[in-house]
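What follows is upload23.txt (compact mmCIF, C-alpha atoms and all ligand atoms).
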```txt
# COMPACT_ATOMS: atom_id res chain seq x y z
CA MET W 1 71.01 118.09 98.60
CA ALA W 2 68.49 117.14 95.90
CA LEU W 3 69.33 116.72 92.23
CA HIS W 4 66.85 116.25 89.43
CA LEU W 5 68.24 113.91 86.80
CA GLU W 6 67.02 112.15 83.69
CA ARG W 7 65.61 109.08 85.45
CA GLY W 8 64.59 110.60 88.76
CA GLU W 9 65.57 112.61 91.74
CA VAL W 10 68.56 111.92 93.98
CA ARG W 11 68.46 113.14 97.59
CA ILE W 12 71.76 113.01 99.44
CA HIS W 13 71.46 113.38 103.21
CA GLU W 14 73.98 114.62 105.75
CA SER W 15 72.97 112.04 108.34
CA LEU W 16 70.84 108.95 108.79
CA GLU W 17 68.51 110.93 110.99
CA GLU W 18 67.94 113.48 108.21
CA LEU W 19 67.35 110.65 105.70
CA LYS W 20 64.82 108.96 108.02
CA THR W 21 62.84 112.17 108.46
CA ASP W 22 62.88 112.96 104.74
CA LEU W 23 61.78 109.39 103.89
CA ALA W 24 58.96 109.50 106.45
CA ASP W 25 57.79 112.89 105.09
CA TYR W 26 57.91 111.56 101.52
CA ILE W 27 55.84 108.47 102.43
CA ALA W 28 53.36 110.67 104.34
CA GLU W 29 52.96 112.96 101.30
CA ILE W 30 52.33 110.06 98.90
CA SER W 31 49.93 108.43 101.35
CA GLU W 32 47.98 111.67 101.68
CA ALA W 33 47.87 112.24 97.92
CA SER W 34 46.74 108.63 97.23
CA VAL W 35 44.01 108.74 99.87
CA LYS W 36 42.82 112.04 98.42
CA LYS W 37 42.85 110.70 94.86
CA ARG W 38 41.39 107.22 95.30
CA GLY W 39 40.46 106.78 98.95
CA LEU W 40 43.28 104.40 99.86
CA PHE W 41 47.01 103.85 99.74
CA ALA W 42 48.68 100.67 98.42
CA ILE W 43 52.31 100.37 99.45
CA ALA W 44 54.80 97.54 98.86
CA LEU W 45 57.66 97.11 101.33
CA SER W 46 60.85 95.11 101.07
CA GLY W 47 63.29 94.07 103.81
CA GLY W 48 66.79 94.66 105.12
CA SER W 49 67.74 97.89 106.86
CA LEU W 50 65.03 99.74 104.91
CA ILE W 51 62.53 98.83 107.61
CA SER W 52 64.48 100.46 110.43
CA LEU W 53 64.83 103.51 108.16
CA ILE W 54 61.04 103.88 107.94
CA SER W 55 60.42 103.15 111.62
CA LYS W 56 59.94 106.90 112.28
CA LEU W 57 56.46 106.40 110.86
CA SER W 58 55.48 104.80 114.16
CA GLU W 59 56.40 107.99 116.02
CA THR W 60 54.63 111.34 116.28
CA PRO W 61 53.63 113.25 114.22
CA TYR W 62 53.21 110.44 111.64
CA SER W 63 51.63 107.93 114.04
CA LYS W 64 48.87 110.45 114.74
CA THR W 65 48.40 112.15 111.39
CA MET W 66 48.59 109.26 108.92
CA GLU W 67 45.31 107.72 107.72
CA TRP W 68 46.38 104.22 108.74
CA SER W 69 42.97 102.70 108.10
CA LYS W 70 43.43 103.52 104.39
CA TRP W 71 46.78 101.72 104.14
CA TYR W 72 47.06 98.40 102.27
CA ILE W 73 50.41 96.69 102.75
CA PHE W 74 52.12 94.33 100.31
CA TRP W 75 55.68 93.01 100.00
CA ALA W 76 57.85 93.60 96.95
CA ASP W 77 59.79 90.61 98.21
CA ASP W 78 59.98 88.23 101.13
CA ARG W 79 61.92 85.17 102.22
CA LEU W 80 60.15 81.82 102.44
CA MET W 81 60.34 81.39 106.18
CA ALA W 82 57.98 81.29 109.12
CA LYS W 83 56.49 84.67 109.91
CA SER W 84 57.83 84.34 113.43
CA HIS W 85 61.43 83.99 112.17
CA ALA W 86 63.71 86.98 112.74
CA ASP W 87 64.75 86.94 109.03
CA SER W 88 61.20 87.20 107.70
CA ASN W 89 60.58 90.56 106.04
CA TYR W 90 56.99 90.39 107.28
CA ARG W 91 58.18 89.90 110.86
CA LEU W 92 60.62 92.80 110.54
CA ALA W 93 57.91 95.15 109.29
CA LYS W 94 55.49 93.90 111.92
CA ASP W 95 57.91 94.48 114.78
CA CYS W 96 59.16 97.88 113.59
CA LEU W 97 55.96 99.41 112.27
CA LEU W 98 52.80 97.41 111.66
CA SER W 99 52.25 96.39 115.29
CA LYS W 100 52.74 99.98 116.45
CA VAL W 101 50.17 101.78 114.31
CA PRO W 102 46.45 101.17 113.77
CA ILE W 103 46.67 99.39 110.41
CA ILE W 104 43.67 97.13 109.76
CA PRO W 105 44.95 93.52 109.96
CA SER W 106 42.97 92.42 106.88
CA HIS W 107 44.79 95.10 104.86
CA VAL W 108 48.14 93.40 105.45
CA HIS W 109 48.90 91.06 102.54
CA SER W 110 51.85 88.84 103.34
CA ILE W 111 53.06 85.76 101.45
CA ASN W 112 52.16 82.14 102.21
CA ASP W 113 55.31 80.75 103.84
CA THR W 114 54.03 77.17 104.14
CA VAL W 115 54.37 76.16 100.48
CA SER W 116 57.25 76.01 97.98
CA ALA W 117 58.74 79.25 96.63
CA GLU W 118 57.15 78.58 93.25
CA GLU W 119 53.70 78.04 94.76
CA ALA W 120 54.07 81.04 97.07
CA ALA W 121 54.93 83.25 94.08
CA GLY W 122 51.88 81.93 92.18
CA GLU W 123 49.59 82.53 95.15
CA TYR W 124 50.95 86.00 95.76
CA GLU W 125 50.47 86.90 92.10
CA PHE W 126 46.87 85.69 92.37
CA LEU W 127 46.40 87.87 95.46
CA ILE W 128 47.74 90.91 93.60
CA ARG W 129 45.45 90.15 90.64
CA GLN W 130 42.48 90.04 93.03
CA SER W 131 43.60 93.32 94.61
CA VAL W 132 43.72 94.93 91.16
CA LYS W 133 40.26 93.55 90.39
CA ASN W 134 38.94 94.98 93.67
CA ARG W 135 40.68 98.28 92.91
CA ILE W 136 42.78 98.16 96.06
CA VAL W 137 45.70 98.44 93.68
CA SER W 138 45.19 100.52 90.53
CA VAL W 139 46.05 99.28 87.07
CA SER W 140 48.80 100.83 84.98
CA GLU W 141 47.74 103.22 82.22
CA THR W 142 50.17 101.63 79.78
CA SER W 143 49.88 97.88 80.48
CA ASP W 144 47.87 95.37 82.52
CA CYS W 145 50.40 95.61 85.34
CA PRO W 146 49.45 96.71 88.84
CA ASN W 147 50.15 100.34 89.61
CA PHE W 148 51.15 100.50 93.28
CA ASP W 149 50.98 103.94 94.83
CA LEU W 150 54.46 103.40 96.28
CA ILE W 151 57.12 100.68 96.21
CA LEU W 152 60.00 100.95 98.70
CA LEU W 153 63.29 99.26 97.74
CA GLU W 154 66.76 99.13 99.15
CA VAL W 155 69.90 98.42 97.15
CA GLY W 156 71.99 95.44 98.27
CA VAL W 157 75.79 95.52 98.12
CA ASP W 158 75.71 93.59 94.82
CA GLY W 159 73.19 96.04 93.36
CA HIS W 160 70.11 93.84 93.85
CA VAL W 161 66.72 95.33 94.64
CA ALA W 162 63.77 93.42 96.10
CA SER W 163 64.90 89.81 95.43
CA LEU W 164 66.05 90.51 91.89
CA PHE W 165 69.68 89.46 91.97
CA PRO W 166 72.35 90.00 89.30
CA ASN W 167 72.45 87.42 86.52
CA GLN W 168 69.24 85.66 87.45
CA SER W 169 66.48 84.81 85.00
CA ALA W 170 63.94 86.65 87.21
CA LEU W 171 65.29 89.87 85.68
CA GLU W 172 63.93 88.86 82.30
CA GLU W 173 60.30 88.32 83.30
CA ARG W 174 57.87 90.12 81.04
CA GLU W 175 54.71 92.06 81.82
CA GLU W 176 52.50 89.03 82.24
CA GLU W 177 54.65 87.65 85.10
CA TRP W 178 54.03 89.77 88.18
CA VAL W 179 55.60 87.73 90.96
CA THR W 180 58.46 85.28 90.60
CA PHE W 181 60.82 83.35 92.87
CA THR W 182 64.43 82.40 93.42
CA THR W 183 65.83 79.44 95.29
CA ASP W 184 69.38 80.69 94.98
CA SER W 185 69.68 84.22 96.33
CA SER W 186 73.20 85.58 96.52
CA LYS W 187 72.41 87.45 99.76
CA LYS W 188 73.30 85.42 102.84
CA PRO W 189 71.78 83.78 104.71
CA SER W 190 70.57 82.40 101.41
CA HIS W 191 66.85 81.93 101.45
CA GLU W 192 64.22 80.96 98.99
CA ARG W 193 62.46 84.17 98.13
CA ILE W 194 59.60 85.54 96.14
CA THR W 195 59.76 88.91 94.44
CA PHE W 196 57.88 91.37 92.28
CA THR W 197 59.21 91.42 88.72
CA LEU W 198 60.72 94.48 87.07
CA PRO W 199 57.56 95.25 85.01
CA VAL W 200 55.53 95.44 88.25
CA ILE W 201 58.09 97.58 90.04
CA ASN W 202 58.47 99.91 87.06
CA SER W 203 54.69 100.33 86.78
CA ALA W 204 54.39 101.90 90.24
CA SER W 205 53.35 105.54 90.60
CA ASN W 206 56.25 106.13 92.97
CA ILE W 207 59.42 104.18 93.63
CA ALA W 208 61.87 105.01 96.41
CA VAL W 209 65.28 103.37 96.26
CA VAL W 210 67.26 103.69 99.48
CA ALA W 211 70.96 103.06 100.10
CA THR W 212 72.99 103.86 103.20
CA GLY W 213 76.56 103.19 104.29
CA ASP W 214 79.79 102.96 102.34
CA SER W 215 79.29 99.25 101.57
CA LYS W 216 76.57 100.38 99.12
CA ALA W 217 78.67 103.07 97.39
CA GLU W 218 79.87 100.81 94.55
CA ALA W 219 76.36 99.45 93.90
CA VAL W 220 74.95 102.99 93.78
CA HIS W 221 77.74 104.01 91.40
CA LEU W 222 77.06 101.03 89.11
CA ALA W 223 73.34 101.73 89.17
CA ALA W 224 73.83 105.31 88.14
CA ALA W 225 77.05 105.94 86.26
CA ALA W 226 76.51 106.81 82.62
CA ASP W 227 79.61 104.87 81.63
CA SER W 228 78.90 101.70 83.61
CA THR W 229 77.45 99.79 80.67
CA GLY W 230 79.00 97.41 78.19
CA PRO W 231 80.19 93.80 78.35
CA GLU W 232 82.81 94.49 81.04
CA CYS W 233 80.34 95.96 83.51
CA PRO W 234 78.41 93.88 86.02
CA VAL W 235 74.67 93.80 85.52
CA VAL W 236 73.11 95.74 88.34
CA PRO W 237 69.37 95.20 88.90
CA ALA W 238 69.08 98.61 90.58
CA ARG W 239 70.02 100.13 87.23
CA MET W 240 66.92 98.57 85.70
CA ILE W 241 64.56 100.64 87.82
CA HIS W 242 62.95 102.97 85.29
CA PRO W 243 59.36 103.88 86.14
CA VAL W 244 57.24 103.79 83.00
CA LYS W 245 55.18 106.81 84.05
CA GLY W 246 55.83 107.14 87.77
CA LYS W 247 58.41 109.02 89.81
CA LEU W 248 61.69 107.63 91.10
CA VAL W 249 63.49 109.08 94.12
CA TRP W 250 66.82 107.84 95.45
CA PHE W 251 67.41 108.37 99.17
CA LEU W 252 71.15 108.19 99.94
CA ASP W 253 73.35 109.10 102.85
CA LYS W 254 76.76 110.62 102.18
CA PRO W 255 78.75 107.36 102.46
CA ALA W 256 76.44 105.57 99.97
CA ALA W 257 76.70 108.55 97.63
CA SER W 258 80.46 108.88 98.01
CA LYS W 259 81.34 107.55 94.55
CA LEU W 260 78.54 109.52 92.98
CA GLU W 261 78.51 112.99 94.37
CA ALA W 262 81.29 114.76 92.47
CA SER W 263 80.36 113.23 89.13
CA LEU W 264 76.65 113.95 89.49
CA MET W 265 77.54 117.59 89.22
CA SER W 266 79.39 116.99 85.96
CA ASN W 267 76.40 115.16 84.48
CA SER W 268 78.21 111.89 84.08
CA TYR W 269 75.44 110.06 85.94
CA LYS W 270 72.04 109.40 84.50
CA LEU W 271 69.58 108.25 87.13
O1 LIG C 1 64.74 90.53 101.73
C1 LIG C 1 65.65 91.27 101.48
O2 LIG C 1 66.83 90.99 101.71
C2 LIG C 1 65.33 92.59 100.88
O3 LIG C 1 64.11 92.87 100.51
C3 LIG C 1 66.44 93.15 100.05
O4 LIG C 1 66.11 93.60 98.78
C4 LIG C 1 67.02 94.27 100.87
O5 LIG C 1 66.17 95.36 100.92
C5 LIG C 1 68.39 94.64 100.37
O6 LIG C 1 69.17 93.47 100.31
C6 LIG C 1 69.11 95.61 101.28
O7 LIG C 1 69.23 95.00 102.51
P1 LIG C 1 70.36 95.36 103.55
O8 LIG C 1 69.93 96.62 104.15
O9 LIG C 1 70.31 94.23 104.52
O10 LIG C 1 71.62 95.46 102.80
```

Could I get this file's structure written as structure tokens?
Amino acid sequence: MALHLERGEVRIHESLEELKTDLADYIAEISEASVKKRGLFAIALSGGSLISLISKLSETPYSKTMEWSKWYIFWADDRLMAKSHADSNYRLAKDCLLSKVPIIPSHVHSINDTVSAEEAAGEYEFLIRQSVKNRIVSVSETSDCPNFDLILLEVGVDGHVASLFPNQSALEEREEEWVTFTTDSSKKPSHERITFTLPVINSASNIAVVATGDSKAEAVHLAAAADSTGPECPVVPARMIHPVKGKLVWFLDKPAASKLEASLMSNSYKL
């Protein structure tokens, strides 16, 4: 089921398998359109179960039809840990996708995990600035922010996206700050992390926000319910995803959408 709402589109899937296929088709479409428009495709990944949800891309038909040599990979967030560590978002993406398709190694832009979180964020921001200069990443039409072709996010149980956690100062970064860091993430195991800021995420041409499983139902509800604002309500970073000019699509399975579905019909949600 797909619903077109004020802030984007919500796709509710009957099964994980259906969601995975729809997500892979969506990524393939955006990749094709970006390559057609500007000769390449700049995508930012994040971590968690999102990566297993996009692993279909390493299977046929996608593995054969995608223009992998035109892909440039970035991370919307990563944990400051060795790339060989099982909890590294880079490692996860490498194992599930990047090592299985013919992506050009020099197109894979991971973070420096050998310095402090603050330094890693500064270096990654510099790398993104260079990529904008070299036109690997476009520039937003409305600000100086990078305009990624696609940013993939998954909602955490507390409503975080990328490594933007509730009640952290990283949520307040303005347009001139592109990459920031946290040394106190509320997701366990707690790791130092670097993350794109909201202005960068919201400047993307396309943003996909994924949530699966009933543990995410409350976060999805808080991100979307029209009445979940005001001093009593928890601040949910996922609610702050508002593309300036781009398109937002939510990919949910039925359990994640369980608190949403009935009310969406009655227009009491504004995504
Ligand atoms: O590094 C990370 O942890 C992620 O980038 C993070 O934003 C993740 O995508 C969500 O927390 C959902 O992850 P789960 O699927 O593990 O809940």

### Task
Please identify every polymer residue within 7 Å of ligand LIG 1 (chain C), using all atoms listed in the file, and present the set as an NGL selection string.
:W and (46-50 or 77-79 or 89 or 153-157 or 160-163 or 187)

Using all atoms listed in the file, find each residue in segment 41-61 of chain W having at least one atom no more than 10 Å away from segment 100-105 of chain W; report its shortest atom-to-atom pair and that distance in Å (one decimal), rows by chain then rising number, as CSV.
```
residue,atom,partner,partner_atom,distance
W:Ser55,CA,W:Lys100,CA,9.6
W:Leu57,CA,W:Val101,CA,8.5
W:Ser58,CA,W:Lys100,CA,6.0
W:Glu59,CA,W:Lys100,CA,8.8
```

### Query
So how many Å separate atom CA of Ala33 of chain W and atom CA of Phe251 of chain W, to one decimal?
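Those two atoms sit 20.0 Å apart.
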
Give me the residues near Leu80 of chain W as a PDB file with C-alpha atoms, in the frame of the given file, where near means some atom within 7 Å (using only C-alpha atoms) and where sequence neighbours in that chain fewer than 6 positions away do not count.
```pdb
ATOM      1  CA  ASP W 113      55.310  80.750 103.840  1.00  0.00           C
ATOM      2  CA  ALA W 117      58.740  79.250  96.630  1.00  0.00           C
ATOM      3  CA  HIS W 191      66.850  81.930 101.450  1.00  0.00           C
ATOM      4  CA  GLU W 192      64.220  80.960  98.990  1.00  0.00           C
ATOM      5  CA  ARG W 193      62.460  84.170  98.130  1.00  0.00           C
TER       6      ARG W 193
END
```

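For the residues W:Leu152, W:Val179, W:Val235, W:Ala82, ranking by smallest atom-to-atom distance to Glu123 of chain W using all atoms listed in the file places W:Val179 first.
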
### Message
Using all atoms listed in the file, can you tell me which of W:Thr195, W:Ser205, W:Ser84, W:Ser63 comes closest to Ser138 of chain W?
### Response
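With all atoms listed in the file as the atom set, the closest residue is W:Ser205.
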
### Query
Which value, in Å to one decimal, gives the distance between atom CA of Thr212 of chain W and atom CA of Leu252 of chain W?
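Between atom CA of Thr212 of chain W and atom CA of Leu252 of chain W the gap is 5.7 Å.
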
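When all atoms listed in the file are used to measure the gap to Pro237 of chain W, the shortest distance among W:Tyr72, W:Phe165, W:Phe181, W:Tyr62 belongs to W:Phe165.
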
### Residue with smallest distance to Ser169 of chain W - pool W:Ala93, W:Leu198, W:Ser116, W:Asp87, counting all atoms listed in the file
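Closest to Ser169 of chain W, using all atoms listed in the file: W:Leu198.
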
### Query
Nearest to Asp149 of chain W: which of W:Ser52, W:Asn206, W:Thr60, W:Ser190 is it, counting all atoms listed in the file?
W:Asn206

### Query
Smallest atom-to-atom distance to Lys245 of chain W: which of W:Leu40, W:Glu141, W:Glu175, W:Lys216, using all atoms listed in the file?
W:Glu141

Could you check which residues have any atom within 9 Å of (52.2, 102.4, 85.0), counting only C-alpha atoms with coordinates taken straight from the file, and then list them as a short mmCIF file (atom, residue, chain, number, x, y, z; two decimals) with C-alpha atoms, in the coordinates of the input?
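Generated output (result.cif):
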```cif
data_model
loop_
_atom_site.label_atom_id
_atom_site.label_comp_id
_atom_site.auth_asym_id
_atom_site.auth_seq_id
_atom_site.Cartn_x
_atom_site.Cartn_y
_atom_site.Cartn_z
CA VAL W 139 46.05 99.28 87.07
CA SER W 140 48.80 100.83 84.98
CA GLU W 141 47.74 103.22 82.22
CA THR W 142 50.17 101.63 79.78
CA SER W 143 49.88 97.88 80.48
CA ASP W 144 47.87 95.37 82.52
CA CYS W 145 50.40 95.61 85.34
CA PRO W 146 49.45 96.71 88.84
CA ASN W 147 50.15 100.34 89.61
CA PHE W 148 51.15 100.50 93.28
CA PRO W 199 57.56 95.25 85.01
CA VAL W 200 55.53 95.44 88.25
CA ASN W 202 58.47 99.91 87.06
CA SER W 203 54.69 100.33 86.78
CA ALA W 204 54.39 101.90 90.24
CA SER W 205 53.35 105.54 90.60
CA PRO W 243 59.36 103.88 86.14
CA VAL W 244 57.24 103.79 83.00
CA LYS W 245 55.18 106.81 84.05
CA GLY W 246 55.83 107.14 87.77
#
```

### Query
Mind pulling up the distance from atom CA of Pro166 of chain W to atom CA of Glu218 of chain W?
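Going from atom CA of Glu218 of chain W over to atom CA of Pro166 of chain W covers 14.2 Å.
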
#### Entry: Polymer residues at most 12 Å from (43.4, 88.8, 95.7) by all atoms listed in the file, as a PyMOL selection string
chain W and resi 74+106-111+122-137
